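Asks: So that you have it, the file is my_file35.txt, and it contains compact mmCIF, C-alpha atoms:
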```txt
# COMPACT_ATOMS: atom_id res chain seq x y z
CA MET A 261 128.23 126.20 90.65
CA LYS A 262 125.05 124.35 89.65
CA GLN A 263 126.49 123.62 86.19
CA LEU A 264 129.67 122.33 87.83
CA ARG A 265 127.68 119.93 90.02
CA GLN A 266 125.76 118.67 87.00
CA TYR A 267 129.02 118.15 85.11
CA ILE A 268 130.51 116.20 88.01
CA ARG A 269 127.40 114.02 88.18
CA LYS A 270 127.76 113.24 84.50
CA ILE A 271 131.41 112.26 84.91
CA LEU A 272 130.55 109.97 87.82
CA LEU A 273 127.71 108.39 85.84
CA GLU A 274 125.20 109.54 88.40
CA SER A 275 121.59 110.20 87.47
CA PRO A 276 120.09 111.11 85.06
CA GLU A 277 122.60 108.81 83.37
CA LEU A 278 121.62 106.16 85.90
CA GLN A 279 118.09 106.14 84.52
CA GLY A 280 119.59 105.41 81.11
CA GLU A 281 121.67 102.60 82.55
CA LEU A 282 118.58 101.18 84.22
CA ASP A 283 116.68 101.30 80.93
CA GLU A 284 119.55 99.46 79.28
CA PHE A 285 119.58 96.90 82.08
CA ILE A 286 115.85 96.22 81.77
CA PHE A 287 115.23 96.38 78.04
CA ASN A 288 118.49 95.20 76.46
CA ARG A 289 117.43 91.57 76.45
CA GLU A 290 115.59 89.29 74.07
CA HIS A 291 112.50 89.10 76.26
CA VAL A 292 111.42 91.50 79.02
CA PRO A 293 109.51 89.56 81.70
CA GLU A 294 106.23 91.16 82.74
CA THR A 295 105.15 91.61 86.34
CA VAL A 296 101.74 89.94 86.61
CA GLY A 297 98.71 90.92 88.65
CA GLY A 298 99.19 94.66 88.41
CA GLY A 299 102.46 94.36 90.28
CA THR A 300 101.08 93.83 93.77
CA GLN A 301 101.08 90.02 93.86
CA HIS A 302 103.80 87.96 95.48
CA ARG A 303 105.31 84.99 93.64
CA GLU A 304 103.21 82.04 94.84
CA TYR A 305 100.04 84.10 95.07
CA ALA A 306 100.38 84.98 91.38
CA LYS A 307 100.96 81.35 90.42
CA GLU A 308 97.96 80.13 92.40
CA LYS A 309 95.72 82.82 90.95
CA ILE A 310 96.66 81.91 87.38
CA LYS A 311 96.02 78.25 88.16
CA ARG A 312 92.55 79.08 89.51
CA LEU A 313 91.76 81.04 86.35
CA LYS A 314 92.87 78.16 84.15
CA ASP A 315 90.68 75.75 86.11
CA ASP A 316 87.65 78.05 86.05
CA PRO A 317 85.34 77.21 83.10
CA ASN A 318 84.01 80.77 83.12
CA TYR A 319 87.39 82.19 82.10
CA PHE A 320 88.84 81.79 78.64
CA GLU A 321 92.46 82.36 77.74
CA ASP A 322 93.11 84.91 75.01
CA PRO A 323 95.40 83.18 72.48
CA ASN A 324 96.99 86.55 71.70
CA HIS A 325 97.71 87.18 75.38
CA PRO A 326 98.22 83.78 77.02
CA TRP A 327 98.42 83.50 80.77
CA PRO A 328 101.99 83.45 82.08
CA THR A 329 103.64 80.19 83.01
CA ASP A 330 105.21 79.61 86.41
CA LYS A 331 108.61 80.14 84.79
CA GLU A 332 107.52 83.50 83.36
CA ILE A 333 106.17 84.57 86.74
CA ASP A 334 109.51 83.67 88.31
CA GLN A 335 111.33 85.67 85.64
CA GLY A 336 109.15 88.70 86.32
CA ILE A 337 109.75 88.48 90.07
CA ASN A 338 113.49 88.07 89.54
CA LEU A 339 113.63 91.13 87.28
CA ARG A 340 111.85 93.37 89.78
CA ARG A 341 114.27 92.10 92.43
CA ASP A 342 117.22 92.97 90.18
CA VAL A 343 115.83 96.45 89.45
CA LYS A 344 115.62 97.12 93.16
CA LYS A 345 119.15 95.78 93.61
CA PHE A 346 120.31 98.21 90.90
CA TRP A 347 118.74 101.08 92.85
CA ASN A 348 120.45 100.07 96.08
CA GLU A 349 123.83 99.80 94.37
CA HIS A 350 123.62 103.31 92.90
CA ALA A 351 121.40 105.45 95.15
CA ASP A 352 122.62 108.17 97.51
CA HIS A 353 121.74 106.38 100.74
CA ASN A 354 123.02 109.17 102.95
CA PHE A 355 120.51 111.54 101.38
CA TRP A 356 117.51 109.19 101.55
CA ASN A 357 118.18 107.95 105.08
CA ASN A 358 119.02 111.30 106.68
CA GLU A 359 117.14 114.06 104.85
CA ILE A 360 113.82 112.45 103.91
CA ALA A 361 110.76 111.72 106.05
CA ALA A 362 108.87 108.48 105.31
CA LEU A 363 105.14 108.99 105.93
CA HIS A 364 102.89 105.93 106.04
CA ASP A 365 99.29 106.85 105.28
CA LEU A 366 96.82 105.19 107.64
CA GLY A 367 93.84 106.14 105.49
CA TYR A 368 95.12 104.59 102.25
CA TYR A 369 92.91 101.50 102.35
CA GLY A 370 89.52 103.02 102.98
CA GLY A 371 89.40 105.91 105.36
CA ILE A 372 90.10 106.55 109.00
CA SER A 373 86.87 106.03 110.88
CA ASN A 374 83.12 106.19 110.45
CA THR A 375 82.33 106.77 114.13
CA PHE A 376 82.56 110.52 114.51
CA TYR A 377 79.66 110.91 116.91
CA ALA A 378 80.29 112.68 120.23
CA GLY A 379 81.89 110.47 122.85
CA ALA A 380 82.92 107.82 120.34
CA GLU A 381 85.51 105.37 121.60
CA PHE A 382 88.26 103.73 119.62
CA GLU A 383 87.48 100.26 118.36
CA PRO A 384 90.81 98.62 117.48
CA GLU A 385 90.81 96.40 114.38
CA LYS A 386 87.53 97.98 113.26
CA ASP A 387 87.14 101.73 113.06
CA LEU A 388 90.54 103.32 113.56
CA PRO A 389 93.46 101.92 111.58
CA PHE A 390 95.84 103.79 113.89
CA ALA A 391 94.75 101.73 116.90
CA SER A 392 95.37 98.58 114.89
CA PHE A 393 98.74 99.92 113.76
CA VAL A 394 99.80 100.54 117.38
CA LYS A 395 98.82 96.99 118.28
CA LYS A 396 100.52 95.35 115.31
CA TYR A 397 103.68 97.48 115.30
CA PRO A 398 104.68 98.30 118.91
CA ILE A 399 106.68 101.45 119.55
CA GLY A 400 110.44 100.89 119.46
CA LYS A 401 110.32 97.44 117.87
CA ARG A 402 112.22 97.10 114.60
CA GLN A 403 110.09 95.74 111.76
CA LYS A 404 111.65 93.61 109.02
CA ASP A 405 108.72 93.69 106.59
CA GLU A 406 109.25 96.52 104.13
CA MET A 407 106.65 99.28 104.07
CA SER A 408 105.50 101.62 101.31
CA THR A 409 105.32 105.27 102.29
CA TYR A 410 105.04 108.76 100.91
CA GLY A 411 108.15 110.88 101.23
CA CYS A 412 109.25 114.48 101.57
CA TYR A 413 112.04 116.50 103.13
CA ASP A 414 112.18 115.90 106.88
CA ASP A 415 111.05 119.38 107.84
CA PRO A 416 107.82 120.33 109.68
CA GLN A 417 106.68 122.69 106.94
CA GLU A 418 107.49 120.21 104.17
CA ILE A 419 105.60 117.46 106.01
CA ALA A 420 102.56 119.74 106.38
CA ILE A 421 102.67 120.57 102.66
CA LYS A 422 102.99 116.90 101.70
CA MET A 423 100.07 115.91 103.91
CA ASN A 424 97.92 118.63 102.40
CA ASP A 425 98.92 117.91 98.79
CA ASP A 426 98.40 114.14 99.04
CA GLU A 427 95.50 114.28 101.52
CA LEU A 428 97.31 112.40 104.27
CA SER A 429 94.95 113.20 107.10
CA LEU A 430 96.55 110.72 109.50
CA CYS A 431 100.00 109.21 109.06
CA VAL A 432 102.97 107.87 110.98
CA LYS A 433 106.61 108.75 110.34
CA LEU A 434 108.78 105.66 109.94
CA LYS A 435 112.49 105.67 110.71
CA GLY A 436 114.62 103.07 108.98
CA ILE A 437 116.52 102.27 105.78
CA VAL A 438 115.18 103.48 102.42
CA THR A 439 115.47 100.72 99.82
CA TYR A 440 113.70 102.29 96.81
CA ALA A 441 112.35 105.66 95.72
CA SER A 442 110.19 106.71 92.80
CA ALA A 443 108.36 109.82 91.66
CA THR A 444 105.27 107.70 90.95
CA ASP A 445 103.42 104.74 92.43
CA SER A 446 105.72 101.75 91.87
CA PHE A 447 103.00 99.11 92.36
CA THR A 448 105.09 97.17 94.83
CA GLU A 449 103.97 93.85 96.31
CA SER A 450 101.22 93.80 98.92
CA ARG A 451 101.14 91.54 101.97
CA SER A 452 97.42 91.04 101.28
CA GLU A 453 98.39 89.24 98.06
CA ALA A 454 100.75 86.68 99.53
CA THR A 455 100.27 83.01 100.41
CA PRO A 456 101.63 81.17 103.46
CA THR A 457 104.36 79.89 101.15
CA ASP A 458 105.32 83.47 100.27
CA PHE A 459 105.50 84.41 103.95
CA LYS A 460 107.62 81.32 104.67
CA ARG A 461 109.98 82.16 101.80
CA HIS A 462 110.70 85.58 103.32
CA ALA A 463 110.45 84.61 107.00
CA SER A 464 114.06 85.49 107.83
CA SER A 465 114.41 88.71 105.84
CA GLY A 466 110.84 90.00 105.97
CA MET A 467 108.31 90.58 103.19
CA PRO A 468 109.82 92.61 100.34
CA LYS A 469 108.29 95.46 98.36
CA ARG A 470 109.74 95.72 94.85
CA PRO A 471 108.73 97.80 91.83
CA ALA A 472 106.58 96.30 89.11
CA VAL A 473 108.42 96.03 85.78
CA SER A 474 106.90 95.82 82.30
CA HIS A 475 107.40 97.09 78.76
CA SER A 476 105.94 100.40 79.91
CA PHE A 477 108.36 100.80 82.83
CA GLN A 478 109.72 104.36 82.91
CA SER A 479 113.18 104.58 84.43
CA GLY A 480 112.98 108.36 84.32
CA PHE A 481 110.69 108.31 87.36
CA VAL A 482 113.16 106.35 89.49
CA LEU A 483 114.81 108.65 92.04
CA PHE A 484 118.44 107.96 92.93
CA ASP A 485 119.46 111.17 94.66
CA LYS A 486 118.59 114.73 95.63
CA GLU A 487 119.05 116.03 92.08
CA ASP A 488 116.45 113.55 90.83
CA LEU A 489 114.01 114.64 93.51
CA GLU A 490 114.57 118.29 92.66
CA ASP A 491 114.00 117.52 88.97
CA ARG A 492 110.78 115.55 89.53
CA GLY A 493 109.47 117.66 92.38
CA SER A 494 107.97 114.98 94.62
CA ILE A 495 108.18 111.40 95.85
CA GLY A 496 105.39 109.07 94.77
CA GLU A 497 106.55 106.00 96.66
CA LEU A 498 109.31 105.40 99.16
CA VAL A 499 110.06 101.86 100.39
CA ILE A 500 111.56 101.56 103.86
CA ASP A 501 113.06 98.56 105.65
CA ASN A 502 114.19 97.74 109.20
CA TRP A 503 111.97 100.49 110.50
CA THR A 504 110.52 101.69 113.75
CA TRP A 505 108.36 104.67 114.67
CA ASP A 506 107.24 106.94 117.50
CA THR A 507 105.41 109.87 115.86
CA VAL A 508 101.97 110.33 114.32
CA TYR A 509 100.83 113.37 112.33
CA VAL A 510 97.20 114.44 112.09
CA MET A 511 95.48 117.17 110.09
CA ALA A 512 93.43 118.45 112.99
CA SER A 513 91.18 120.62 110.83
CA VAL A 514 89.54 117.64 109.11
CA PHE A 515 88.50 115.78 112.28
CA PRO A 516 85.99 116.54 115.06
CA HIS A 517 87.39 117.70 118.39
CA HIS A 518 86.47 114.45 120.15
CA PHE A 519 88.51 112.49 117.60
CA ILE A 520 91.61 114.58 118.29
CA ARG A 521 90.95 114.30 122.03
CA ASP A 522 90.77 110.51 121.99
CA LEU A 523 93.69 110.25 119.59
CA GLY A 524 95.73 112.27 122.06
CA LYS A 525 94.76 109.90 124.88
CA LEU A 526 95.80 106.86 122.87
CA CYS A 527 99.13 108.44 121.97
CA LYS A 528 99.84 109.42 125.58
CA GLN A 529 99.04 105.91 126.81
CA ASN A 530 101.50 104.39 124.34
CA GLY A 531 104.33 106.94 124.47
CA ILE A 532 103.66 108.24 120.97
CA ASN A 533 104.47 111.77 119.83
CA LEU A 534 101.37 113.45 118.39
CA VAL A 535 101.91 116.32 115.97
CA GLN A 536 98.92 118.35 114.81
CA VAL A 537 99.36 119.84 111.35
```
Starting from the file, give its structure as structure tokens.
Replies:
Amino acid sequence: MKQLRQYIRKILLESPELQGELDEFIFNREHVPETVGGGTQHREYAKEKIKRLKDDPNYFEDPNHPWPTDKEIDQGINLRRDVKKFWNEHADHNFWNNEIAALHDLGYYGGISNTFYAGAEFEPEKDLPFASFVKKYPIGKRQKDEMSTYGCYDDPQEIAIKMNDDELSLCVKLKGIVTYASATDSFTESRSEATPTDFKRHASSGMPKRPAVSHSFQSGFVLFDKEDLEDRGSIGELVIDNWTWDTVYVMASVFPHHFIRDLGKLCKQNGINLVQV
């Protein structure tokens, strides 16, 4: 039966043939545009940063690796947009949207809190990213800015395993539309590397998160369906759009009791489901 499914996938040009098609799409051209800034910079931010470097007398341009022009930056952004479009045209959306849990790590950018003394209170915008998250993204409100998450099968045991394997001590489960999946970090754009012009450009649709593309891009790590996930074993980055949330997961064993107590109070006050793993 498994061989039959694989044969059917091949006939229908599903992955892994899709990875080959994606490689062809990216590399079968005279020049492959490079995503600048490690992949996390938005269009105008990248242009302004290059301009600042050119104007800074302490920086010297390597003639063998010249700084990209505005046109080249645009080409790189357009290619990453097209790669994401390719994914959305070929991915098994029913699988990604109905069988996978999207877990957004609240400790990704520098830890959870440094106030673990007895009786500590939450200090929104300072010590506990979760309190800030609740304030910025109210329960039940759809968010149009795309978000990067970890992913796993939407099953309590699978979520616990994922949190343990990737050290997700505190995370929220987002519910929305998956727009890209990869077995590795895709180095998608960051809102912290965007200018007011970038935000204005995407005001109606929301800030996008698209994979970085370069000569070293590996299409084999792009996940289109369940078979790809089974082959690779795990999800490195899952991008989700039009999302909302109502559940937070915490690894209770890594936090003091007073932290869990106060976290429970905050969740109860805001109608949030708290799941201890």
Asks: For a cut-off of 10 Å around (99.1, 102.1, 116.6), file coordinates, pick out all residues using all atoms listed in the file and list them as an NGL selection string.
Replies: :A and (366 or 384 or 388-399 or 432 or 505-506 or 508 or 526-527 or 530 or 532)
Asks: Take the residues just selected and output them with C-alpha atoms as a short mmCIF file (atom, residue, chain, number, x, y, z; two decimals), in the frame of the given file.
Replies:
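Final output, out26.cif:
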```cif
data_model
loop_
_atom_site.label_atom_id
_atom_site.label_comp_id
_atom_site.auth_asym_id
_atom_site.auth_seq_id
_atom_site.Cartn_x
_atom_site.Cartn_y
_atom_site.Cartn_z
CA LEU A 366 96.82 105.19 107.64
CA PRO A 384 90.81 98.62 117.48
CA LEU A 388 90.54 103.32 113.56
CA PRO A 389 93.46 101.92 111.58
CA PHE A 390 95.84 103.79 113.89
CA ALA A 391 94.75 101.73 116.90
CA SER A 392 95.37 98.58 114.89
CA PHE A 393 98.74 99.92 113.76
CA VAL A 394 99.80 100.54 117.38
CA LYS A 395 98.82 96.99 118.28
CA LYS A 396 100.52 95.35 115.31
CA TYR A 397 103.68 97.48 115.30
CA PRO A 398 104.68 98.30 118.91
CA ILE A 399 106.68 101.45 119.55
CA VAL A 432 102.97 107.87 110.98
CA TRP A 505 108.36 104.67 114.67
CA ASP A 506 107.24 106.94 117.50
CA VAL A 508 101.97 110.33 114.32
CA LEU A 526 95.80 106.86 122.87
CA CYS A 527 99.13 108.44 121.97
CA ASN A 530 101.50 104.39 124.34
CA ILE A 532 103.66 108.24 120.97
#
```
Asks: Using all atoms listed in the file, which of the listed residues (A:Asn354, A:Gln536, A:Asn288, A:Ser446) sits closest to Leu523 (chain A)?
Replies: A:Gln536
Asks: My list of candidates is A:Glu304, A:Asp315, A:Asp415, A:Glu359. Which is closest to Asp334 (chain A) when distances are computed with only C-alpha atoms?
Replies: A:Glu304
Asks: Can you work out which one of A:Thr457, A:Thr448, A:Gln301, A:Ser429 has the shortest atom-to-atom distance to Ile520 (chain A), counting only C-alpha atoms?
Replies: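 Of the candidates, the smallest distance to Ile520 (chain A) is held by A:Ser429.
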Asks: So that I can see what lies close to Lys311 (chain A), please list as number ranges by chain the residues with an atom at most 12 Å from it, counting only C-alpha atoms and leaving out residues fewer than 5 positions away in the same chain.
Replies: A: 304-306, 316-317, 319, 321, 327-330
Asks: Which is closest to Lys486 (chain A) among A:Arg312, A:Lys433, A:Lys460, A:His353, if we use only C-alpha atoms?
Replies: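 Ranked by minimum distance to Lys486 (chain A), first place goes to A:His353.
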Asks: So, with only C-alpha atoms as the atoms that count, which of A:Pro468, A:Asp426, A:Leu278, A:Asp491 lies closest to Trp347 (chain A)?
Replies: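 Using only C-alpha atoms, the shortest distance to Trp347 (chain A) belongs to A:Leu278.
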Asks: Taking only C-alpha atoms into account, name the residue in A:Gly524, A:Pro456, A:Gly280, A:Pro471 that is nearest to Leu339 (chain A).
Replies: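 For Leu339 (chain A), the nearest of the given residues is A:Pro471.
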Asks: Taking (113.7, 93.7, 89.7) in the file's own coordinates, collect the residues within 10 Å, counting all atoms listed in the file, and hand them back as an MDAnalysis selection string.
Replies: chainID A and resid 286 293 295 335:347 470:473
